[in-house]
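**Student:** Below is a structure I'd like to ask you about.
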Amino acid sequence: MTDIVAIAGSVFVLSGALFTLLGALGVWRLPDAYTRMHSASKAGALGAILVMVGVLFATAGAAWPGILLAIAVLLVTAPMAAHAISRAGYMAGVKPVVGPLGDAMEGSDKRAIDSQE
Amino acid sequence: MNVVLAGASWVLPLAGSILLISTCIIMGRLLLGPSRPDRAVAVDALTMIGVAGVAVLAMMREQAVLLDVAIVLAIVSFLGSVAFALLFKGTHSSDNPHGQLPHGSRARVLQDSLPREGLPTGEQSRRAKND
């Protein structure tokens, strides 16, 4: 039983580090700010959460309130921060690299702000 | 805090080195990134890596206090990212040089910060009076 928990801790920590590396490669390779945002916020947050779960297994649940709080904070704040940055970037006029479908938010930025007020 | 890991002699150093490689890659994007959102994204990703690295450090040193550091770093990184988002041009009411505006005028502030096309100057001044 202890062996299984120890192996699970190692697997979670290593997979979390690998997901973080994948997110970093995405930030380096992807073409524009929005796809980089997608890579950083999803793969990066998942990597940090997996490392936290690895800590949970490695300590046999000794520090579980803090670890669960950290996971909850990461789950709540990472998408909100990514959304805020990408929305502000689009409002500031940073154009995305678009495919054949075009820019779905073309011309909608002013209407979106008007409906907010 | 008692840490039990399979292969503890190499798992934590390997995870730490992978995190260091990721940090170097993202530092390159932070230095190169052509637009400001690119750099804000890089800072956001760096703080994510920081949270993971502090957790790995907590296991290496076997100190549970460092997990609290990870929590606080996650919260502060969110605040920092939102502050960066407010710094982009034309997204905050402080971009308006005339101070306080009446209700519902935020969209007009945004439009004023963008280059106008096809509007004659008289039309602009009349609009400004009406605002």
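As shown in the structure tokens, the chain order sets the letters A, B, ...; within each chain, residues go from 1, and ligands are also counted from 1 in the order they appear.
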Select from chain A every residue with an atom at most 8 Å from any atom of chain B, then for each give the shortest pair of atoms and their distance in Å to one decimal, using only C-alpha atoms, rows by chain and rising number, as JSON lines.
**Tutor:**
{"residue": "A:Asp3", "atom": "CA", "partner": "B:Ala6", "partner_atom": "CA", "distance": 7.2}
{"residue": "A:Val5", "atom": "CA", "partner": "B:Leu5", "partner_atom": "CA", "distance": 8.0}
{"residue": "A:Ala6", "atom": "CA", "partner": "B:Leu5", "partner_atom": "CA", "distance": 4.4}
{"residue": "A:Ile7", "atom": "CA", "partner": "B:Ala6", "partner_atom": "CA", "distance": 5.0}
{"residue": "A:Gly9", "atom": "CA", "partner": "B:Leu5", "partner_atom": "CA", "distance": 6.1}
{"residue": "A:Ser10", "atom": "CA", "partner": "B:Leu5", "partner_atom": "CA", "distance": 5.8}
{"residue": "A:Val13", "atom": "CA", "partner": "B:Ala15", "partner_atom": "CA", "distance": 6.9}
{"residue": "A:Leu14", "atom": "CA", "partner": "B:Ala15", "partner_atom": "CA", "distance": 5.7}
{"residue": "A:Ala17", "atom": "CA", "partner": "B:Ala15", "partner_atom": "CA", "distance": 5.5}
{"residue": "A:Leu18", "atom": "CA", "partner": "B:Ile18", "partner_atom": "CA", "distance": 7.0}
{"residue": "A:Thr20", "atom": "CA", "partner": "B:Ser22", "partner_atom": "CA", "distance": 6.8}
{"residue": "A:Leu21", "atom": "CA", "partner": "B:Ser22", "partner_atom": "CA", "distance": 5.0}
{"residue": "A:Ala24", "atom": "CA", "partner": "B:Ser22", "partner_atom": "CA", "distance": 5.3}
{"residue": "A:Leu25", "atom": "CA", "partner": "B:Ile25", "partner_atom": "CA", "distance": 7.0}
{"residue": "A:Val27", "atom": "CA", "partner": "B:Ile26", "partner_atom": "CA", "distance": 6.8}
{"residue": "A:Trp28", "atom": "CA", "partner": "B:Arg29", "partner_atom": "CA", "distance": 5.9}
{"residue": "A:Asp32", "atom": "CA", "partner": "B:Asp38", "partner_atom": "CA", "distance": 7.8}
{"residue": "A:Ala33", "atom": "CA", "partner": "B:Asp38", "partner_atom": "CA", "distance": 5.1}
{"residue": "A:Arg36", "atom": "CA", "partner": "B:Val41", "partner_atom": "CA", "distance": 7.2}
{"residue": "A:Met37", "atom": "CA", "partner": "B:Val41", "partner_atom": "CA", "distance": 5.7}
{"residue": "A:Ala40", "atom": "CA", "partner": "B:Ala45", "partner_atom": "CA", "distance": 5.3}
{"residue": "A:Ser41", "atom": "CA", "partner": "B:Ala45", "partner_atom": "CA", "distance": 7.0}
{"residue": "A:Gly44", "atom": "CA", "partner": "B:Met48", "partner_atom": "CA", "distance": 5.9}
{"residue": "A:Ala45", "atom": "CA", "partner": "B:Met48", "partner_atom": "CA", "distance": 6.2}
{"residue": "A:Gly47", "atom": "CA", "partner": "B:Ala52", "partner_atom": "CA", "distance": 7.3}
{"residue": "A:Ala48", "atom": "CA", "partner": "B:Ala52", "partner_atom": "CA", "distance": 4.7}
{"residue": "A:Ile49", "atom": "CA", "partner": "B:Ala52", "partner_atom": "CA", "distance": 7.8}
{"residue": "A:Val51", "atom": "CA", "partner": "B:Ala52", "partner_atom": "CA", "distance": 6.0}
{"residue": "A:Met52", "atom": "CA", "partner": "B:Ala55", "partner_atom": "CA", "distance": 6.5}
{"residue": "A:Val55", "atom": "CA", "partner": "B:Met59", "partner_atom": "CA", "distance": 7.0}
{"residue": "A:Ala58", "atom": "CA", "partner": "B:Val4", "partner_atom": "CA", "distance": 5.0}
{"residue": "A:Thr59", "atom": "CA", "partner": "B:Val3", "partner_atom": "CA", "distance": 4.8}
{"residue": "A:Ala60", "atom": "CA", "partner": "B:Val4", "partner_atom": "CA", "distance": 7.8}
{"residue": "A:Ala62", "atom": "CA", "partner": "B:Met1", "partner_atom": "CA", "distance": 6.8}
{"residue": "A:Ala63", "atom": "CA", "partner": "B:Ala64", "partner_atom": "CA", "distance": 7.0}
{"residue": "A:Gly66", "atom": "CA", "partner": "B:Asp68", "partner_atom": "CA", "distance": 6.7}
{"residue": "A:Ile67", "atom": "CA", "partner": "B:Leu67", "partner_atom": "CA", "distance": 7.1}
{"residue": "A:Leu69", "atom": "CA", "partner": "B:Ile71", "partner_atom": "CA", "distance": 7.2}
{"residue": "A:Ala70", "atom": "CA", "partner": "B:Ile71", "partner_atom": "CA", "distance": 4.8}
{"residue": "A:Val73", "atom": "CA", "partner": "B:Ala74", "partner_atom": "CA", "distance": 6.8}
{"residue": "A:Leu74", "atom": "CA", "partner": "B:Ala74", "partner_atom": "CA", "distance": 6.3}
{"residue": "A:Thr77", "atom": "CA", "partner": "B:Phe78", "partner_atom": "CA", "distance": 5.8}
{"residue": "A:Ala78", "atom": "CA", "partner": "B:Phe78", "partner_atom": "CA", "distance": 7.0}
{"residue": "A:Met80", "atom": "CA", "partner": "B:Phe78", "partner_atom": "CA", "distance": 8.0}
{"residue": "A:Ala81", "atom": "CA", "partner": "B:Ser81", "partner_atom": "CA", "distance": 5.7}
{"residue": "A:Ala82", "atom": "CA", "partner": "B:Val41", "partner_atom": "CA", "distance": 7.6}
{"residue": "A:Ala84", "atom": "CA", "partner": "B:Ala85", "partner_atom": "CA", "distance": 6.1}
{"residue": "A:Ile85", "atom": "CA", "partner": "B:Ala85", "partner_atom": "CA", "distance": 4.8}
{"residue": "A:Ser86", "atom": "CA", "partner": "B:Pro37", "partner_atom": "CA", "distance": 7.0}
{"residue": "A:Ala88", "atom": "CA", "partner": "B:Ala85", "partner_atom": "CA", "distance": 5.6}
{"residue": "A:Gly89", "atom": "CA", "partner": "B:Pro37", "partner_atom": "CA", "distance": 5.7}
{"residue": "A:Met91", "atom": "CA", "partner": "B:Thr91", "partner_atom": "CA", "distance": 6.5}
{"residue": "A:Ala92", "atom": "CA", "partner": "B:Lys89", "partner_atom": "CA", "distance": 5.4}
{"residue": "A:Val94", "atom": "CA", "partner": "B:Ser35", "partner_atom": "CA", "distance": 7.5}
{"residue": "A:Lys110", "atom": "CA", "partner": "B:Ala107", "partner_atom": "CA", "distance": 6.4}
{"residue": "A:Ile113", "atom": "CA", "partner": "B:Ala107", "partner_atom": "CA", "distance": 5.9}
{"residue": "A:Asp114", "atom": "CA", "partner": "B:Ala107", "partner_atom": "CA", "distance": 6.0}
{"residue": "A:Glu117", "atom": "CA", "partner": "B:Gly104", "partner_atom": "CA", "distance": 5.6}
**Student:** With C-alpha atoms retained, write the just-selected residues as a compact mmCIF listing (two decimals), in the first residue's frame.
**Tutor:**
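result.txt written:
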# COMPACT_ATOMS: atom_id res chain seq x y z
CA ASP A 3 4.56 1.41 -2.26
CA VAL A 5 1.15 5.66 -2.77
CA ALA A 6 4.87 6.37 -3.20
CA ILE A 7 4.80 5.35 -6.87
CA GLY A 9 3.39 10.46 -5.87
CA SER A 10 6.41 10.09 -8.15
CA VAL A 13 5.15 14.91 -9.75
CA LEU A 14 6.92 13.83 -12.95
CA ALA A 17 6.68 18.66 -14.56
CA LEU A 18 6.25 17.23 -18.07
CA THR A 20 4.67 22.28 -17.48
CA LEU A 21 7.39 21.63 -20.06
CA ALA A 24 6.42 26.14 -22.02
CA LEU A 25 7.07 24.62 -25.45
CA VAL A 27 4.37 29.32 -25.31
CA TRP A 28 7.57 29.23 -27.35
CA ASP A 32 0.18 34.43 -31.68
CA ALA A 33 -0.61 35.70 -28.19
CA ARG A 36 0.20 31.04 -26.38
CA MET A 37 -2.31 32.04 -23.71
CA ALA A 40 0.21 28.63 -20.80
CA SER A 41 -3.06 28.76 -18.90
CA GLY A 44 0.73 25.29 -17.06
CA ALA A 45 -2.11 25.19 -14.55
CA GLY A 47 1.14 20.91 -14.48
CA ALA A 48 1.11 22.87 -11.23
CA ILE A 49 -2.04 21.05 -10.08
CA VAL A 51 2.63 18.54 -8.86
CA MET A 52 0.34 19.55 -5.98
CA VAL A 55 2.76 16.38 -2.93
CA ALA A 58 4.03 11.89 -1.17
CA THR A 59 3.07 13.26 2.22
CA ALA A 60 0.23 10.72 2.61
CA ALA A 62 -0.45 15.29 5.87
CA ALA A 63 -0.92 18.82 4.49
CA GLY A 66 -3.30 23.69 2.15
CA ILE A 67 -2.84 21.58 -0.97
CA LEU A 69 -6.73 25.26 -1.22
CA ALA A 70 -3.81 25.74 -3.61
CA VAL A 73 -7.00 28.80 -6.14
CA LEU A 74 -5.19 27.64 -9.29
CA THR A 77 -7.55 32.13 -10.97
CA ALA A 78 -5.74 30.68 -14.00
CA MET A 80 -9.72 34.29 -15.08
CA ALA A 81 -6.23 35.71 -15.54
CA ALA A 82 -5.98 34.24 -19.05
CA ALA A 84 -8.51 39.09 -18.64
CA ILE A 85 -5.20 39.25 -20.52
CA SER A 86 -6.61 37.97 -23.82
CA ALA A 88 -7.54 43.30 -22.84
CA GLY A 89 -5.13 42.37 -25.61
CA MET A 91 -9.36 45.45 -27.02
CA ALA A 92 -5.91 47.00 -27.39
CA VAL A 94 -3.58 42.83 -31.00
CA LYS A 110 -17.28 47.90 -29.25
CA ILE A 113 -18.31 46.96 -24.26
CA ASP A 114 -21.57 48.77 -24.94
CA GLU A 117 -22.31 49.18 -19.39
**Student:** DSSP on the backbone: what in chain A comes out helix (DSSP H, G or I), as a PyMOL selection string?
**Tutor:** chain A and resi 2-29+33-58+64-91+109-116
**Student:** Which distance in Å separates CA of Met105 (chain A) and CA of Tyr34 (chain A), to one decimal?
**Tutor:**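 Pair CA of Met105 (chain A) / CA of Tyr34 (chain A) returns 12.8 Å.
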**Student:** Figure out the distance between CA of Thr2 (chain A) and CA of Gly16 (chain A), please, to one decimal in Å.
**Tutor:**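 Distance between the two atoms: 21.0 Å.
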**Student:** What gap, in Å, lies between CA of Gly23 (chain A) and CA of Ser39 (chain A)?
**Tutor:**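 Taking CA of Gly23 (chain A) and CA of Ser39 (chain A), their separation equals 5.2 Å.
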